[in-house]
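Below: final_28.pdb (PDB, C-alpha atoms)
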```pdb
MODEL        1
ATOM      1  CA  MET E   1     -82.638-246.683  93.841
ATOM      2  CA  CYS E   2     -80.737-243.703  92.592
ATOM      3  CA  TYR E   3     -77.956-246.078  91.474
ATOM      4  CA  GLU E   4     -80.224-247.534  88.827
ATOM      5  CA  ALA E   5     -81.154-244.066  87.575
ATOM      6  CA  VAL E   6     -77.559-243.187  86.735
ATOM      7  CA  GLY E   7     -76.565-246.701  85.651
ATOM      8  CA  LEU E   8     -74.215-247.447  88.553
ATOM      9  CA  LEU E   9     -74.084-250.628  90.570
ATOM     10  CA  PRO E  10     -74.313-250.326  94.335
ATOM     11  CA  ILE E  11     -71.223-251.350  96.265
ATOM     12  CA  LYS E  12     -73.196-254.259  97.756
ATOM     13  CA  SER E  13     -73.226-255.936  94.354
ATOM     14  CA  LEU E  14     -69.423-256.260  94.501
ATOM     15  CA  ARG E  15     -69.458-258.233  97.758
ATOM     16  CA  PRO E  16     -69.785-261.693  96.158
ATOM     17  CA  PHE E  17     -66.864-260.932  93.851
ATOM     18  CA  CYS E  18     -64.730-259.780  96.782
ATOM     19  CA  VAL E  19     -65.566-262.917  98.773
ATOM     20  CA  TYR E  20     -64.628-265.092  95.786
ATOM     21  CA  MET E  21     -61.313-263.261  95.423
ATOM     22  CA  LEU E  22     -60.638-263.664  99.146
ATOM     23  CA  LEU E  23     -61.262-267.398  98.839
ATOM     24  CA  GLY E  24     -58.649-267.660  96.099
ATOM     25  CA  TYR E  25     -56.095-265.552  97.957
ATOM     26  CA  GLY E  26     -56.730-267.380 101.224
ATOM     27  CA  TRP E  27     -56.195-270.787  99.680
ATOM     28  CA  SER E  28     -52.967-269.603  98.048
ATOM     29  CA  PHE E  29     -51.643-268.744 101.521
ATOM     30  CA  VAL E  30     -52.732-272.167 102.803
ATOM     31  CA  TYR E  31     -50.806-273.754  99.929
ATOM     32  CA  SER E  32     -47.724-271.659 100.700
ATOM     33  CA  ILE E  33     -47.779-272.838 104.324
ATOM     34  CA  LEU E  34     -48.157-276.421 103.146
ATOM     35  CA  LEU E  35     -45.237-275.999 100.752
ATOM     36  CA  GLU E  36     -43.080-274.664 103.610
ATOM     37  CA  LEU E  37     -44.035-277.566 105.879
ATOM     38  CA  GLN E  38     -43.849-280.244 103.182
ATOM     39  CA  PRO E  39     -41.496-279.309 100.341
ATOM     40  CA  GLY E  40     -42.426-281.177  97.188
ATOM     41  CA  SER E  41     -46.162-281.015  97.900
ATOM     42  CA  PHE E  42     -46.685-279.651  94.397
ATOM     43  CA  VAL E  43     -45.158-280.713  91.099
ATOM     44  CA  SER E  44     -44.818-278.060  88.433
ATOM     45  CA  THR E  45     -43.590-277.781  84.867
ATOM     46  CA  ASP E  46     -41.891-274.635  86.163
ATOM     47  CA  GLU E  47     -39.602-274.384  89.178
ATOM     48  CA  LEU E  48     -42.171-274.076  91.988
ATOM     49  CA  GLY E  49     -39.896-274.729  94.942
ATOM     50  CA  ARG E  50     -37.353-272.040  94.115
ATOM     51  CA  ASN E  51     -36.163-269.584  96.750
ATOM     52  CA  ASP E  52     -37.986-266.631  95.177
ATOM     53  CA  TYR E  53     -40.869-266.065  97.603
ATOM     54  CA  ILE E  54     -42.842-263.694  95.377
ATOM     55  CA  GLY E  55     -42.561-265.968  92.336
ATOM     56  CA  ARG E  56     -43.690-268.956  94.390
ATOM     57  CA  MET E  57     -46.654-267.002  95.799
ATOM     58  CA  LEU E  58     -47.720-265.910  92.317
ATOM     59  CA  GLN E  59     -47.616-269.505  91.110
ATOM     60  CA  LEU E  60     -49.574-270.720  94.123
ATOM     61  CA  ARG E  61     -52.127-267.936  93.609
ATOM     62  CA  TYR E  62     -52.466-269.043  89.983
ATOM     63  CA  PHE E  63     -52.902-272.664  91.110
ATOM     64  CA  SER E  64     -55.460-271.581  93.704
ATOM     65  CA  PHE E  65     -57.657-269.730  91.230
ATOM     66  CA  MET E  66     -57.364-272.505  88.639
ATOM     67  CA  THR E  67     -58.515-274.942  91.326
ATOM     68  CA  LEU E  68     -61.247-272.644  92.673
ATOM     69  CA  THR E  69     -62.718-272.233  89.196
ATOM     70  CA  THR E  70     -62.098-275.937  88.431
ATOM     71  CA  VAL E  71     -60.166-275.082  85.264
ATOM     72  CA  GLY E  72     -57.081-277.074  86.280
ATOM     73  CA  TYR E  73     -54.638-276.693  83.395
ATOM     74  CA  GLY E  74     -52.317-279.317  84.872
ATOM     75  CA  ASP E  75     -49.091-277.327  84.857
ATOM     76  CA  ILE E  76     -49.074-277.348  88.679
ATOM     77  CA  VAL E  77     -50.265-280.572  90.289
ATOM     78  CA  PRO E  78     -50.746-281.411  93.983
ATOM     79  CA  HIS E  79     -48.366-284.273  94.749
ATOM     80  CA  SER E  80     -48.741-285.029  98.465
ATOM     81  CA  PRO E  81     -51.938-286.403 100.018
ATOM     82  CA  ALA E  82     -52.345-283.203 102.069
ATOM     83  CA  ALA E  83     -52.045-281.014  98.960
ATOM     84  CA  ARG E  84     -54.541-283.172  97.084
ATOM     85  CA  THR E  85     -57.000-283.009  99.970
ATOM     86  CA  MET E  86     -56.721-279.236 100.156
ATOM     87  CA  ALA E  87     -57.177-278.904  96.391
ATOM     88  CA  ILE E  88     -60.333-281.022  96.605
ATOM     89  CA  LEU E  89     -61.669-278.887  99.452
ATOM     90  CA  GLU E  90     -60.980-275.687  97.524
ATOM     91  CA  ALA E  91     -62.657-276.964  94.355
ATOM     92  CA  VAL E  92     -65.748-278.101  96.269
ATOM     93  CA  MET E  93     -65.865-274.808  98.176
ATOM     94  CA  GLY E  94     -65.664-272.843  94.929
ATOM     95  CA  GLN E  95     -68.505-274.808  93.378
ATOM     96  CA  PHE E  96     -70.734-274.539  96.446
ATOM     97  CA  TYR E  97     -70.084-270.807  96.626
ATOM     98  CA  LEU E  98     -71.121-270.318  93.003
ATOM     99  CA  VAL E  99     -74.231-272.471  93.435
ATOM    100  CA  ALA E 100     -75.247-270.491  96.533
ATOM    101  CA  LEU E 101     -74.572-267.196  94.755
ATOM    102  CA  VAL E 102     -76.630-268.133  91.696
ATOM    103  CA  GLY E 103     -79.429-269.402  93.943
ATOM    104  CA  ARG E 104     -79.425-266.116  95.828
ATOM    105  CA  LEU E 105     -79.494-264.081  92.622
ATOM    106  CA  VAL E 106     -82.363-266.142  91.214
ATOM    107  CA  GLY E 107     -84.249-265.764  94.493
ATOM    108  CA  LEU E 108     -83.773-262.001  94.453
ATOM    109  CA  HIS E 109     -84.912-261.857  90.833
ATOM    110  CA  ILE E 110     -88.065-263.817  91.632
ATOM    111  CA  VAL E 111     -88.873-261.618  94.634
ATOM    112  CA  HIS E 112     -88.171-258.455  92.633
ATOM    113  CA  GLY E 113     -90.437-259.719  89.831
ATOM    114  CA  ASP E 114     -93.252-260.430  92.304
ATOM    115  CA  VAL E 115     -92.961-256.912  93.730
ATOM    116  CA  GLU E 116     -93.068-255.371  90.234
ATOM    117  CA  ARG E 117     -96.159-257.409  89.260
ATOM    118  CA  SER E 118     -98.012-256.422  92.433
ATOM    119  CA  ARG E 119     -97.684-252.702  91.637
TER
ENDMDL
END
```

Could you write out this structure as structure tokens?
Amino acid sequence: MCYEAVGLLPIKSLRPFCVYMLLGYGWSFVYSILLELQPGSFVSTDELGRNDYIGRMLQLRYFSFMTLTTVGYGDIVPHSPAARTMAILEAVMGQFYLVALVGRLVGLHIVHGDVERSR
């Protein structure tokens, strides 16, 4: 491709990153809905349930990405059974996504290597 000649990545290579980011953002909105329906669903060292919507969304986005990447610092903890279940689902989804992505990349590398050897 001409992208390789000039050292640029094609836009297609950014798709997995965008999907991963959308997963994190999507789960943060799910958590915000849960927090509205069940106040106290999350326990935080900070004030998570405050009236500041933007601050709460930023904290839930942080929690979402820490759960998606399975880092889990422990400063925000799911307290209700529904919040725990959703956190488990997000962590499993994040791991399966990464496994599928790595498998796809390895498969493409193997196919690309076979094509190069056949030339």

Which value, in Å to one decimal, gives the distance between CA of Leu101 (chain E) and CA of Phe63 (chain E)?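 That distance, rounded to one decimal, is 22.6 Å.
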
Mind giving me the straight-line distance from CA of Val92 (chain E) to CA of Gln59 (chain E) in Å, one decimal? 20.7 Å

To one decimal place, how far is CA of Val106 (chain E) from CA of Leu22 (chain E) in Å?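 Result for CA of Val106 (chain E) versus CA of Leu22 (chain E): 23.3 Å, one decimal.
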
The PyMOL selection byres ((chain E and resi 26) around 12) applied to the shown file, residues as an mmCIF file with C-alpha atoms, in the coordinates of the input:
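Once written, expr_19.cif looks like this:
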```cif
data_model
loop_
_atom_site.group_PDB
_atom_site.id
_atom_site.type_symbol
_atom_site.label_atom_id
_atom_site.label_comp_id
_atom_site.auth_asym_id
_atom_site.auth_seq_id
_atom_site.Cartn_x
_atom_site.Cartn_y
_atom_site.Cartn_z
ATOM 1 C CA CYS E 18 -64.730 -259.780 96.782
ATOM 2 C CA VAL E 19 -65.566 -262.917 98.773
ATOM 3 C CA TYR E 20 -64.628 -265.092 95.786
ATOM 4 C CA MET E 21 -61.313 -263.261 95.423
ATOM 5 C CA LEU E 22 -60.638 -263.664 99.146
ATOM 6 C CA LEU E 23 -61.262 -267.398 98.839
ATOM 7 C CA GLY E 24 -58.649 -267.660 96.099
ATOM 8 C CA TYR E 25 -56.095 -265.552 97.957
ATOM 9 C CA TRP E 27 -56.195 -270.787 99.680
ATOM 10 C CA SER E 28 -52.967 -269.603 98.048
ATOM 11 C CA PHE E 29 -51.643 -268.744 101.521
ATOM 12 C CA VAL E 30 -52.732 -272.167 102.803
ATOM 13 C CA TYR E 31 -50.806 -273.754 99.929
ATOM 14 C CA SER E 32 -47.724 -271.659 100.700
ATOM 15 C CA ILE E 33 -47.779 -272.838 104.324
ATOM 16 C CA MET E 57 -46.654 -267.002 95.799
ATOM 17 C CA LEU E 60 -49.574 -270.720 94.123
ATOM 18 C CA ARG E 61 -52.127 -267.936 93.609
ATOM 19 C CA SER E 64 -55.460 -271.581 93.704
ATOM 20 C CA PHE E 65 -57.657 -269.730 91.230
ATOM 21 C CA LEU E 68 -61.247 -272.644 92.673
ATOM 22 C CA MET E 86 -56.721 -279.236 100.156
ATOM 23 C CA GLU E 90 -60.980 -275.687 97.524
#
```

Could you tell me which of E:Leu108, E:Leu35, E:Ala91, E:Val102 comes closest to Val71 (chain E) if we count only C-alpha atoms?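 Closest to Val71 (chain E), using only C-alpha atoms: E:Ala91.
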